[in-house]
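Source file: work.cif (mmCIF, C-alpha atoms)
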data_target
#
loop_
_atom_site.label_atom_id
_atom_site.label_comp_id
_atom_site.auth_asym_id
_atom_site.auth_seq_id
_atom_site.Cartn_x
_atom_site.Cartn_y
_atom_site.Cartn_z
CA MET F 23 52.06 -98.44 122.15
CA GLN F 24 54.43 -98.00 119.26
CA GLU F 25 57.39 -100.39 119.04
CA ILE F 26 60.36 -98.66 120.63
CA SER F 27 62.72 -99.22 117.73
CA THR F 28 60.40 -97.62 115.19
CA TYR F 29 60.52 -94.10 116.60
CA PRO F 30 62.45 -91.67 114.42
CA LEU F 31 65.30 -89.59 115.88
CA ILE F 32 63.46 -86.32 115.17
CA TYR F 33 59.82 -86.54 116.11
CA ILE F 34 56.73 -84.52 116.99
CA SER F 35 53.74 -86.31 118.44
CA GLU F 36 50.40 -85.75 120.13
CA ASN F 37 51.00 -88.90 122.17
CA PRO F 38 53.00 -89.01 125.43
CA LEU F 39 56.75 -89.07 124.86
CA GLN F 40 58.72 -92.14 125.96
CA PRO F 41 62.04 -91.38 127.69
CA GLU F 42 63.22 -94.99 127.55
CA ALA F 43 62.51 -95.18 123.83
CA VAL F 44 64.46 -91.98 123.17
CA ILE F 45 67.39 -93.26 125.24
CA ASP F 46 67.34 -96.55 123.33
CA LEU F 47 67.46 -94.58 120.07
CA VAL F 48 70.81 -92.98 120.94
CA LYS F 49 72.48 -95.87 122.78
CA SER F 50 75.67 -96.92 121.09
CA ASP F 51 78.30 -99.55 121.79
CA HIS F 52 81.11 -97.11 121.14
CA CYS F 53 79.77 -94.29 123.27
CA GLY F 54 80.33 -93.98 127.00
CA GLY F 55 78.02 -91.08 127.75
CA ILE F 56 74.41 -90.18 127.07
CA ASP F 57 72.96 -86.91 128.26
CA VAL F 58 69.19 -86.57 128.26
CA PHE F 59 67.20 -83.41 128.83
CA ILE F 60 63.53 -83.74 129.72
CA GLY F 61 61.31 -80.67 129.81
CA THR F 62 58.16 -81.09 131.86
CA VAL F 63 55.08 -78.98 132.48
CA ARG F 64 55.39 -76.93 135.67
CA ASN F 65 52.38 -76.33 137.89
CA GLN F 66 53.10 -72.63 138.15
CA THR F 67 54.69 -69.73 136.35
CA LYS F 68 55.64 -66.48 138.09
CA GLY F 69 53.62 -67.59 141.09
CA LYS F 70 50.44 -68.25 139.10
CA THR F 71 48.88 -71.72 139.10
CA VAL F 72 48.95 -73.39 135.70
CA VAL F 73 46.10 -75.75 134.85
CA ARG F 74 47.60 -77.17 131.66
CA LEU F 75 49.68 -76.24 128.62
CA ASP F 76 48.51 -76.34 125.00
CA PHE F 77 51.27 -76.81 122.44
CA GLU F 78 50.81 -75.85 118.80
CA SER F 79 53.37 -76.83 116.18
CA TYR F 80 54.11 -75.89 112.57
CA ASP F 81 55.16 -79.50 112.12
CA LYS F 82 56.84 -79.43 108.74
CA MET F 83 59.09 -76.50 109.59
CA ALA F 84 59.56 -77.55 113.23
CA LEU F 85 60.94 -80.92 112.09
CA ARG F 86 63.30 -79.15 109.67
CA GLU F 87 64.53 -76.81 112.40
CA MET F 88 65.01 -79.76 114.74
CA GLU F 89 67.02 -81.51 112.02
CA LYS F 90 69.12 -78.36 111.68
CA ILE F 91 69.85 -78.37 115.40
CA ALA F 92 71.00 -81.98 115.19
CA ARG F 93 73.20 -81.13 112.20
CA LYS F 94 74.74 -78.09 113.89
CA ALA F 95 75.39 -80.07 117.06
CA ARG F 96 77.18 -82.73 114.99
CA GLU F 97 79.41 -80.03 113.52
CA LYS F 98 80.43 -78.88 116.99
CA TRP F 99 80.76 -82.15 118.94
CA PRO F 100 81.68 -85.78 118.15
CA ILE F 101 78.12 -87.04 118.42
CA ASP F 102 77.19 -90.60 117.70
CA LYS F 103 73.41 -90.16 117.83
CA ILE F 104 71.09 -87.33 118.75
CA ALA F 105 67.32 -87.58 119.18
CA ILE F 106 64.85 -84.73 119.65
CA HIS F 107 61.23 -85.57 120.49
CA HIS F 108 58.64 -82.86 121.06
CA ARG F 109 55.06 -83.22 122.22
CA LYS F 110 52.15 -81.16 120.93
CA GLY F 111 48.51 -80.78 121.93
CA SER F 112 47.18 -80.47 125.44
CA LEU F 113 49.55 -81.40 128.29
CA ALA F 114 48.73 -81.85 131.95
CA ILE F 115 51.02 -80.75 134.79
CA GLY F 116 54.05 -83.05 135.05
CA GLU F 117 53.78 -84.35 131.49
CA ILE F 118 56.83 -84.34 129.24
CA ALA F 119 56.96 -81.63 126.57
CA VAL F 120 60.38 -82.38 125.12
CA ILE F 121 63.13 -85.00 125.30
CA ILE F 122 66.60 -84.50 123.84
CA ALA F 123 69.17 -87.28 124.08
CA VAL F 124 72.76 -87.20 122.85
CA SER F 125 75.37 -89.97 122.88
CA THR F 126 79.06 -89.15 122.62
CA PRO F 127 82.26 -91.12 123.26
CA HIS F 128 83.05 -88.98 126.32
CA ARG F 129 80.61 -87.34 128.67
CA LYS F 130 81.53 -83.65 128.52
CA ALA F 131 80.45 -83.36 124.90
CA SER F 132 77.11 -85.01 125.63
CA PHE F 133 76.25 -82.31 128.22
CA GLU F 134 77.37 -79.48 125.98
CA ALA F 135 75.57 -80.75 122.90
CA CYS F 136 72.35 -81.48 124.77
CA GLN F 137 72.31 -78.01 126.34
CA PHE F 138 73.03 -76.43 122.96
CA ALA F 139 70.14 -78.38 121.45
CA ILE F 140 67.52 -77.35 124.02
CA ASP F 141 68.75 -73.73 124.07
CA THR F 142 68.54 -73.54 120.27
CA LEU F 143 65.20 -75.35 120.12
CA LYS F 144 63.68 -72.69 122.35
CA GLU F 145 64.89 -69.99 119.95
CA THR F 146 64.27 -71.44 116.51
CA VAL F 147 61.73 -74.27 116.44
CA PRO F 148 58.23 -73.07 115.48
CA ILE F 149 56.31 -74.54 118.40
CA TRP F 150 54.17 -72.41 120.69
CA LYS F 151 52.78 -73.02 124.12
CA LYS F 152 49.77 -71.43 125.72
CA GLU F 153 49.53 -71.45 129.49
CA ILE F 154 46.03 -72.13 130.71
CA PHE F 155 45.27 -70.62 134.10
CA GLU F 156 42.04 -70.90 136.06
CA ASP F 157 41.10 -67.38 135.04
CA GLY F 158 42.56 -67.03 131.57
CA GLU F 159 45.29 -68.08 129.17
CA VAL F 160 48.40 -66.59 127.62
CA TRP F 161 50.75 -67.43 124.75
CA VAL F 162 54.17 -67.80 126.37
CA ALA F 163 56.80 -65.21 125.34
CA ALA F 164 54.40 -63.49 122.91
CA HIS F 165 54.56 -60.15 124.69
CA PRO F 166 57.60 -58.34 126.09
CA MET E 23 61.11 -106.44 138.44
CA GLN E 24 61.04 -104.05 141.38
CA GLU E 25 58.14 -101.58 141.59
CA ILE E 26 59.32 -98.30 140.11
CA SER E 27 58.30 -96.20 143.06
CA THR E 28 60.20 -98.29 145.59
CA TYR E 29 63.69 -97.49 144.27
CA PRO E 30 65.68 -95.23 146.57
CA LEU E 31 67.23 -92.01 145.26
CA ILE E 32 70.75 -93.25 146.01
CA TYR E 33 71.21 -96.85 144.95
CA ILE E 34 73.78 -99.49 144.05
CA SER E 35 72.60 -102.71 142.46
CA GLU E 36 73.78 -105.84 140.71
CA ASN E 37 70.64 -105.73 138.58
CA PRO E 38 70.24 -103.70 135.38
CA LEU E 39 69.51 -100.04 136.05
CA GLN E 40 66.16 -98.62 134.91
CA PRO E 41 66.36 -95.14 133.31
CA GLU E 42 62.60 -94.62 133.36
CA ALA E 43 62.44 -95.48 137.06
CA VAL E 44 65.22 -93.02 137.86
CA ILE E 45 63.49 -90.30 135.84
CA ASP E 46 60.21 -90.99 137.65
CA LEU E 47 62.04 -90.63 140.97
CA VAL E 48 63.04 -87.02 140.24
CA LYS E 49 59.94 -85.84 138.35
CA SER E 50 58.30 -82.95 140.09
CA ASP E 51 55.25 -80.81 139.39
CA HIS E 52 57.11 -77.62 140.19
CA CYS E 53 60.20 -78.37 138.11
CA GLY E 54 60.50 -77.66 134.42
CA GLY E 55 63.79 -79.36 133.68
CA ILE E 56 65.31 -82.79 134.28
CA ASP E 57 68.81 -83.59 133.18
CA VAL E 58 69.82 -87.23 133.08
CA PHE E 59 73.31 -88.60 132.56
CA ILE E 60 73.66 -92.25 131.56
CA GLY E 61 77.07 -93.89 131.50
CA THR E 62 77.28 -96.98 129.34
CA VAL E 63 79.93 -99.64 128.72
CA ARG E 64 81.97 -98.85 125.61
CA ASN E 65 83.16 -101.63 123.34
CA GLN E 66 86.68 -100.24 123.21
CA THR E 67 89.22 -98.24 125.14
CA LYS E 68 92.26 -96.66 123.54
CA GLY E 69 91.63 -98.75 120.44
CA LYS E 70 91.50 -102.07 122.32
CA THR E 71 88.36 -104.21 122.16
CA VAL E 72 86.61 -104.55 125.49
CA VAL E 73 84.77 -107.82 126.20
CA ARG E 74 83.02 -106.68 129.39
CA LEU E 75 83.49 -104.58 132.50
CA ASP E 76 83.50 -105.86 136.07
CA PHE E 77 82.48 -103.31 138.70
CA GLU E 78 83.41 -103.70 142.34
CA SER E 79 81.93 -101.46 145.02
CA TYR E 80 82.61 -100.70 148.65
CA ASP E 81 78.88 -100.32 149.03
CA LYS E 82 78.57 -98.78 152.47
CA MET E 83 81.06 -96.01 151.76
CA ALA E 84 80.03 -95.61 148.12
CA LEU E 85 76.44 -94.88 149.19
CA ARG E 86 77.71 -92.34 151.74
CA GLU E 87 79.84 -90.61 149.11
CA MET E 88 76.92 -90.60 146.68
CA GLU E 89 74.76 -89.01 149.41
CA LYS E 90 77.49 -86.40 149.91
CA ILE E 91 77.43 -85.55 146.22
CA ALA E 92 73.67 -85.08 146.36
CA ARG E 93 74.04 -82.87 149.44
CA LYS E 94 76.79 -80.75 147.88
CA ALA E 95 74.81 -80.35 144.66
CA ARG E 96 71.83 -79.13 146.69
CA GLU E 97 74.03 -76.51 148.32
CA LYS E 98 75.08 -75.19 144.91
CA TRP E 99 71.87 -75.38 142.87
CA PRO E 100 68.11 -75.13 143.56
CA ILE E 101 67.51 -78.86 143.15
CA ASP E 102 64.16 -80.43 143.73
CA LYS E 103 65.26 -84.06 143.49
CA ILE E 104 68.48 -85.81 142.61
CA ALA E 105 68.93 -89.55 142.07
CA ILE E 106 72.18 -91.47 141.62
CA HIS E 107 72.03 -95.14 140.65
CA HIS E 108 75.18 -97.19 140.11
CA ARG E 109 75.48 -100.73 138.83
CA LYS E 110 78.01 -103.28 140.11
CA GLY E 111 79.04 -106.75 139.01
CA SER E 112 79.69 -107.89 135.47
CA LEU E 113 78.43 -105.61 132.67
CA ALA E 114 78.22 -106.40 128.97
CA ILE E 115 78.96 -103.85 126.24
CA GLY E 116 76.17 -101.26 126.00
CA GLU E 117 74.84 -101.88 129.50
CA ILE E 118 74.26 -98.95 131.83
CA ALA E 119 76.83 -98.43 134.59
CA VAL E 120 75.45 -95.25 136.11
CA ILE E 121 72.38 -93.00 135.92
CA ILE E 122 72.21 -89.55 137.48
CA ALA E 123 69.02 -87.52 137.23
CA VAL E 124 68.42 -84.02 138.56
CA SER E 125 65.25 -81.94 138.51
CA THR E 126 65.36 -78.17 138.91
CA PRO E 127 62.87 -75.34 138.31
CA HIS E 128 64.92 -74.09 135.32
CA ARG E 129 67.03 -76.12 132.98
CA LYS E 130 70.49 -74.57 133.27
CA ALA E 131 70.87 -75.69 136.87
CA SER E 132 69.89 -79.26 135.98
CA PHE E 133 72.75 -79.52 133.47
CA GLU E 134 75.29 -77.99 135.83
CA ALA E 135 74.26 -80.09 138.82
CA CYS E 136 74.18 -83.32 136.81
CA GLN E 137 77.63 -82.70 135.36
CA PHE E 138 78.97 -81.81 138.81
CA ALA E 139 77.52 -85.06 140.18
CA ILE E 140 79.09 -87.37 137.57
CA ASP E 141 82.42 -85.52 137.67
CA THR E 142 82.56 -85.81 141.46
CA LEU E 143 81.37 -89.42 141.45
CA LYS E 144 84.31 -90.36 139.29
CA GLU E 145 86.69 -88.78 141.80
CA THR E 146 85.30 -89.77 145.16
CA VAL E 147 82.95 -92.78 145.08
CA PRO E 148 84.74 -96.04 145.96
CA ILE E 149 83.70 -98.09 142.96
CA TRP E 150 86.23 -99.72 140.65
CA LYS E 151 85.97 -101.11 137.16
CA LYS E 152 88.11 -103.73 135.55
CA GLU E 153 88.23 -103.82 131.77
CA ILE E 154 88.22 -107.36 130.44
CA PHE E 155 89.94 -107.74 127.07
CA GLU E 156 90.28 -110.89 125.02
CA ASP E 157 93.90 -111.23 126.13
CA GLY E 158 93.87 -109.84 129.64
CA GLU E 159 92.31 -107.41 132.06
CA VAL E 160 93.17 -104.13 133.74
CA TRP E 161 91.84 -102.05 136.65
CA VAL E 162 90.93 -98.71 135.11
CA ALA E 163 92.97 -95.70 136.30
CA ALA E 164 95.03 -97.83 138.71
CA HIS E 165 98.34 -97.05 137.04
CA PRO E 166 99.62 -93.68 135.80
CA MET A 20 97.89 -104.05 167.64
CA LYS A 21 96.12 -106.10 165.01
CA ILE A 22 93.76 -104.42 162.58
CA THR A 23 91.51 -105.91 159.93
CA LEU A 24 92.49 -104.46 156.58
CA VAL A 25 89.91 -104.63 153.77
CA SER A 26 91.02 -104.12 150.17
CA PHE A 27 89.21 -103.43 146.91
CA GLY A 28 90.13 -103.35 143.24
CA ILE A 29 93.78 -103.65 142.45
CA ALA A 30 94.66 -103.31 146.15
CA LYS A 31 92.96 -106.65 146.75
CA ASP A 32 94.91 -108.18 143.86
CA ILE A 33 98.22 -106.88 145.30
CA ILE A 34 97.49 -108.10 148.82
CA GLY A 35 95.91 -111.32 147.63
CA SER A 36 92.77 -111.29 149.75
CA ARG A 37 89.72 -109.14 150.50
CA GLU A 38 90.43 -109.08 154.26
CA MET A 39 93.59 -109.63 156.21
CA GLU A 40 94.79 -109.25 159.75
CA TYR A 41 97.61 -106.72 159.76
CA GLU A 42 100.05 -105.97 162.59
CA LEU A 43 100.70 -102.30 163.39
CA PRO A 44 102.33 -100.51 166.32
CA ASP A 45 99.78 -99.28 168.89
CA SER A 46 98.44 -95.82 168.00
CA ALA A 47 99.77 -96.16 164.46
CA SER A 48 98.54 -93.52 162.04
CA VAL A 49 97.20 -93.92 158.52
CA GLY A 50 100.61 -92.68 157.34
CA ASN A 51 102.34 -95.44 159.33
CA LEU A 52 99.99 -98.00 157.75
CA LEU A 53 100.80 -96.79 154.23
CA GLU A 54 104.56 -96.89 154.93
CA LYS A 55 104.38 -100.45 156.23
CA LEU A 56 102.25 -101.54 153.28
CA ALA A 57 104.71 -99.97 150.82
CA HIS A 58 107.44 -101.99 152.46
CA ASP A 59 105.52 -105.29 152.61
CA TYR A 60 103.90 -104.91 149.14
CA PRO A 61 106.21 -103.00 146.80
CA ASP A 62 103.61 -103.11 143.99
CA PHE A 63 101.68 -100.34 145.74
CA LYS A 64 104.31 -97.84 144.63
CA ASP A 65 103.24 -98.39 140.98
CA LEU A 66 99.69 -97.19 141.62
CA THR A 67 98.44 -93.74 140.65
CA SER A 68 97.36 -93.27 144.26
CA ILE A 69 96.29 -95.20 147.31
CA ARG A 70 93.96 -93.79 149.92
CA VAL A 71 92.73 -95.18 153.22
CA ALA A 72 89.16 -95.00 154.47
CA VAL A 73 88.58 -95.31 158.20
CA ASN A 74 84.98 -96.07 159.16
CA THR A 75 83.77 -95.19 155.62
CA GLU A 76 85.46 -91.76 155.51
CA TYR A 77 88.60 -90.84 153.62
CA ALA A 78 91.32 -90.45 156.28
CA LYS A 79 94.30 -88.10 156.39
CA ASN A 80 97.78 -89.43 157.02
CA ASP A 81 97.88 -88.20 160.64
CA GLN A 82 94.67 -89.97 161.66
CA VAL A 83 95.32 -92.52 164.40
CA ILE A 84 93.93 -96.01 163.88
CA SER A 85 92.18 -98.05 166.56
CA PRO A 86 91.99 -101.85 166.44
CA GLN A 87 88.21 -101.78 166.07
CA ASP A 88 88.23 -99.32 163.14
CA GLU A 89 87.01 -100.38 159.71
CA VAL A 90 90.17 -99.75 157.70
CA VAL A 91 89.87 -100.03 153.93
CA LEU A 92 92.40 -99.54 151.15
CA ILE A 93 91.05 -97.36 148.35
CA PRO A 94 93.05 -97.59 145.11
CA PRO A 95 92.21 -95.08 142.33
CA VAL A 96 88.42 -95.14 141.93
CA SER A 97 86.91 -95.61 138.48
CA GLY A 98 83.15 -95.70 138.84
CA GLY A 99 80.70 -94.18 136.39
CA MET M 17 48.70 -60.92 93.82
CA LYS M 18 46.92 -63.11 96.36
CA ILE M 19 48.91 -65.20 98.80
CA THR M 20 47.76 -67.74 101.33
CA LEU M 21 48.90 -66.63 104.77
CA VAL M 22 49.09 -69.26 107.50
CA SER M 23 49.30 -68.19 111.15
CA PHE M 24 50.19 -69.96 114.40
CA GLY M 25 49.99 -69.15 118.08
CA ILE M 26 49.03 -65.62 118.95
CA ALA M 27 49.30 -64.58 115.29
CA LYS M 28 46.35 -66.84 114.53
CA ASP M 29 44.41 -65.27 117.40
CA ILE M 30 45.15 -61.77 116.10
CA ILE M 31 44.19 -62.57 112.52
CA GLY M 32 41.29 -64.74 113.55
CA SER M 33 41.92 -67.77 111.36
CA ARG M 34 44.59 -70.35 110.61
CA GLU M 35 44.67 -69.56 106.87
CA MET M 36 43.62 -66.50 104.97
CA GLU M 37 43.89 -65.12 101.46
CA TYR M 38 45.88 -61.90 101.61
CA GLU M 39 46.26 -59.30 98.89
CA LEU M 40 49.78 -57.97 98.26
CA PRO M 41 51.35 -55.98 95.39
CA ASP M 42 53.08 -58.18 92.82
CA SER M 43 56.70 -58.93 93.81
CA ALA M 44 56.02 -57.77 97.36
CA SER M 45 58.75 -58.58 99.85
CA VAL M 46 58.49 -60.07 103.31
CA GLY M 47 59.07 -56.54 104.62
CA ASN M 48 56.11 -55.27 102.59
CA LEU M 49 53.95 -58.07 104.01
CA LEU M 50 54.89 -57.16 107.58
CA GLU M 51 54.16 -53.46 106.96
CA LYS M 52 50.73 -54.21 105.53
CA LEU M 53 49.95 -56.60 108.40
CA ALA M 54 50.96 -53.98 110.98
CA HIS M 55 48.53 -51.59 109.30
CA ASP M 56 45.65 -54.06 108.99
CA TYR M 57 46.20 -55.70 112.43
CA PRO M 58 47.59 -53.14 114.91
CA ASP M 59 47.85 -55.82 117.66
CA PHE M 60 50.97 -57.17 115.96
CA LYS M 61 52.93 -54.17 117.23
CA ASP M 62 52.47 -55.43 120.83
CA LEU M 63 54.29 -58.70 120.13
CA THR M 64 57.88 -59.36 121.20
CA SER M 65 58.65 -60.22 117.58
CA ILE M 66 57.02 -61.52 114.43
CA ARG M 67 58.92 -63.48 111.83
CA VAL M 68 57.87 -64.84 108.46
CA ALA M 69 58.71 -68.28 107.15
CA VAL M 70 58.64 -68.80 103.38
CA ASN M 71 58.55 -72.44 102.31
CA THR M 72 59.52 -73.57 105.85
CA GLU M 73 62.60 -71.32 106.12
CA TYR M 74 62.89 -68.11 108.11
CA ALA M 75 62.87 -65.30 105.53
CA LYS M 76 64.66 -61.96 105.61
CA ASN M 77 62.74 -58.75 104.98
CA ASP M 78 64.05 -58.33 101.45
CA GLN M 79 62.93 -61.76 100.26
CA VAL M 80 60.40 -61.50 97.44
CA ILE M 81 57.19 -63.49 97.81
CA SER M 82 55.58 -65.50 95.01
CA PRO M 83 51.87 -66.36 95.00
CA GLN M 84 52.62 -70.09 95.28
CA ASP M 85 54.93 -69.72 98.30
CA GLU M 86 53.99 -71.21 101.65
CA VAL M 87 53.97 -68.03 103.74
CA VAL M 88 53.65 -68.49 107.51
CA LEU M 89 53.58 -65.99 110.37
CA ILE M 90 55.87 -67.02 113.22
CA PRO M 91 55.20 -65.20 116.49
CA PRO M 92 57.74 -65.67 119.33
CA VAL M 93 58.34 -69.42 119.64
CA SER M 94 58.06 -71.09 123.04
CA GLY M 95 58.65 -74.80 122.58
CA GLY M 96 60.52 -77.01 125.01
#
Write the structure described by the file as structure tokens, please.
Amino acid sequence: MQEISTYPLIYISENPLQPEAVIDLVKSDHCGGIDVFIGTVRNQTKGKTVVRLDFESYDKMALREMEKIARKAREKWPIDKIAIHHRKGSLAIGEIAVIIAVSTPHRKASFEACQFAIDTLKETVPIWKKEIFEDGEVWVAAHP
Amino acid sequence: MQEISTYPLIYISENPLQPEAVIDLVKSDHCGGIDVFIGTVRNQTKGKTVVRLDFESYDKMALREMEKIARKAREKWPIDKIAIHHRKGSLAIGEIAVIIAVSTPHRKASFEACQFAIDTLKETVPIWKKEIFEDGEVWVAAHP
Amino acid sequence: MKITLVSFGIAKDIIGSREMEYELPDSASVGNLLEKLAHDYPDFKDLTSIRVAVNTEYAKNDQVISPQDEVVLIPPVSGG
Amino acid sequence: MKITLVSFGIAKDIIGSREMEYELPDSASVGNLLEKLAHDYPDFKDLTSIRVAVNTEYAKNDQVISPQDEVVLIPPVSGG
């Protein structure tokens, strides 16, 4: 396993994400609050059983868009550190697809900034997930 | 170290809190979002350097009030699991004082429920912190 | 009647001990307790607030105290 | 001019390969590219949206494409 301290703040990986490592990345002696959002793979969608999720990423642009989210969040809130880690490849039920962690001096900003980051990520970051069912597969959000 | 799976959902301890263990407690195959709030010890308050924090807890009642928060949050949001861990005793700068983790089917509820839980904890749970400065100490919030 | 009064945080500092035996009139209420404490320990009036828990529940001023109750002084909480 | 068109997600499935050489008029815009794609691959019209990234930035329809640009089809994203 990679040394915790060597993870970058903005990161895409085929390997399992490490919540503790991401939290350590944003810890700060002059911040009192860290909010962390963890997105995991659900075992069903609209009542249908999901077998696994396959994530595809346009890495170069996805990292840039993730950097942009961090920059925009810093413009809106007094953030000390913000980390965004996204998984790609094939994920089993319960595995972590994304971790966003934000440290701020006071807690309210950490919640707001973290929610902004995940909401924006889902709109702008070029990463795609395909839901694999027992009887087929579908690219999420591709069709109206 | 204690086995991860043996931690209770509502917990007060003199030992360092374990974010990964708390996250594991609320992970759920039918939930897509986990929000985690981590409160850490800041190195300063109102410009004054803090040396450490001492937390005192009326354990029996504090656990009951923490259970109440979990119950109230469940009435308001579709929560799968909610965990609240609070540290007591002497904490150094940067150490974790509280961890709250909430898993919900969709992410918005996890943010709202987690924020509700920490906001309410700070109003109702009988735990007190004393800030230790180089030249004195003060019970936080005791005086207007 | 004699009750056992338990104190935390700054309330313990003001009273000087974690637990003390405290004399109250029979059937005294939480309000009566707070009045007597304010008289015996004037420093309480400087606090942002002081609440009383009876048997691990926040109690209202009109709640009557029994000698066997667990009575605890709750100064302003500051967890988290 | 010939551009290299890279596709992800369902766009790759519709086109049938990750990268393809694609013929466009010189100085074609992103809008021109999308029109030609809609003609050549009718399945694109069933998508919620299709965006184009030029050199890792979302491009507007009036942006002119050069042969050396990194041109990527971005179907509806679904990360997180």
**Prompt:** What gap, in Å, lies between CA of Gln66 (chain E) and CA of Met88 (chain E)?
**Reply:** 27.2 Å
**Item:** Polymer residues at most 9 Å from Lys144 (chain E), all atoms listed in the file, same-chain spacing of 4 or more positions, as number ranges by chain
**Value:** E: 139-140, 148-149; A: 96-99
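With only C-alpha atoms as the atoms that count, the residue of M:Ala44, M:Ile26, M:Leu53, M:Met17 with the shortest distance to Pro91 (chain M) is M:Ile26.
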**Prompt:** If you apply the PyMOL selection byres ((chain E) within 12 of (chain M)) to this file, what residues do you get, as a ChimeraX atom specification?
**Reply:** /E:54-56,128-129
Evaluate the PyMOL selection byres ((chain E) within 10 of (chain F)) and report residues as an mmCIF file with C-alpha atoms, in the frame of the given file:
data_model
loop_
_atom_site.group_PDB
_atom_site.id
_atom_site.type_symbol
_atom_site.label_atom_id
_atom_site.label_comp_id
_atom_site.auth_asym_id
_atom_site.auth_seq_id
_atom_site.Cartn_x
_atom_site.Cartn_y
_atom_site.Cartn_z
ATOM 1 C CA GLN E 40 66.160 -98.620 134.910
ATOM 2 C CA PRO E 41 66.360 -95.140 133.310
ATOM 3 C CA GLU E 42 62.600 -94.620 133.360
ATOM 4 C CA ALA E 43 62.440 -95.480 137.060
ATOM 5 C CA ILE E 45 63.490 -90.300 135.840
ATOM 6 C CA LYS E 49 59.940 -85.840 138.350
ATOM 7 C CA SER E 50 58.300 -82.950 140.090
ATOM 8 C CA ASP E 51 55.250 -80.810 139.390
ATOM 9 C CA HIS E 52 57.110 -77.620 140.190
ATOM 10 C CA CYS E 53 60.200 -78.370 138.110
ATOM 11 C CA GLY E 54 60.500 -77.660 134.420
ATOM 12 C CA GLY E 55 63.790 -79.360 133.680
ATOM 13 C CA ILE E 56 65.310 -82.790 134.280
ATOM 14 C CA ASP E 57 68.810 -83.590 133.180
ATOM 15 C CA VAL E 58 69.820 -87.230 133.080
ATOM 16 C CA PHE E 59 73.310 -88.600 132.560
ATOM 17 C CA ILE E 60 73.660 -92.250 131.560
ATOM 18 C CA GLY E 61 77.070 -93.890 131.500
ATOM 19 C CA THR E 62 77.280 -96.980 129.340
ATOM 20 C CA VAL E 63 79.930 -99.640 128.720
ATOM 21 C CA ARG E 64 81.970 -98.850 125.610
ATOM 22 C CA ASN E 65 83.160 -101.630 123.340
ATOM 23 C CA GLN E 66 86.680 -100.240 123.210
ATOM 24 C CA THR E 67 89.220 -98.240 125.140
ATOM 25 C CA ALA E 114 78.220 -106.400 128.970
ATOM 26 C CA ILE E 115 78.960 -103.850 126.240
ATOM 27 C CA GLY E 116 76.170 -101.260 126.000
ATOM 28 C CA GLU E 117 74.840 -101.880 129.500
ATOM 29 C CA ILE E 118 74.260 -98.950 131.830
ATOM 30 C CA ALA E 119 76.830 -98.430 134.590
ATOM 31 C CA VAL E 120 75.450 -95.250 136.110
ATOM 32 C CA ILE E 121 72.380 -93.000 135.920
ATOM 33 C CA ILE E 122 72.210 -89.550 137.480
ATOM 34 C CA ALA E 123 69.020 -87.520 137.230
ATOM 35 C CA VAL E 124 68.420 -84.020 138.560
ATOM 36 C CA SER E 125 65.250 -81.940 138.510
ATOM 37 C CA PRO E 127 62.870 -75.340 138.310
ATOM 38 C CA HIS E 128 64.920 -74.090 135.320
ATOM 39 C CA ARG E 129 67.030 -76.120 132.980
ATOM 40 C CA LYS E 130 70.490 -74.570 133.270
ATOM 41 C CA SER E 132 69.890 -79.260 135.980
ATOM 42 C CA PHE E 133 72.750 -79.520 133.470
ATOM 43 C CA GLU E 134 75.290 -77.990 135.830
ATOM 44 C CA CYS E 136 74.180 -83.320 136.810
ATOM 45 C CA GLN E 137 77.630 -82.700 135.360
ATOM 46 C CA ILE E 140 79.090 -87.370 137.570
ATOM 47 C CA ASP E 141 82.420 -85.520 137.670
#
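For Ala75 (chain M), the non-local neighbours within 10 Å, defined as residues at least 5 positions apart in the same chain or in other chains and counting all atoms listed in the file, are Ser45, Val46, Gly47, Arg67, Val68, Ala69, Val70, Val80, Ile81, Val87 and Val88 of chain M.
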**Request:** List every protein, DNA or RNA residue with an atom no more than 6 Å from (66.5, -88.6, 120.2) in the file's coordinates, counting only C-alpha atoms, and format the result as number ranges by chain.
**Result:** F: 31, 44, 104-106, 122-123
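Relative to CA of Glu159 (chain F), CA of Ser65 (chain M) is found at 19.4 Å.
CA of Glu89 (chain A) to CA of Asn74 (chain A) spans 4.8 Å [interatomic distance, one decimal].
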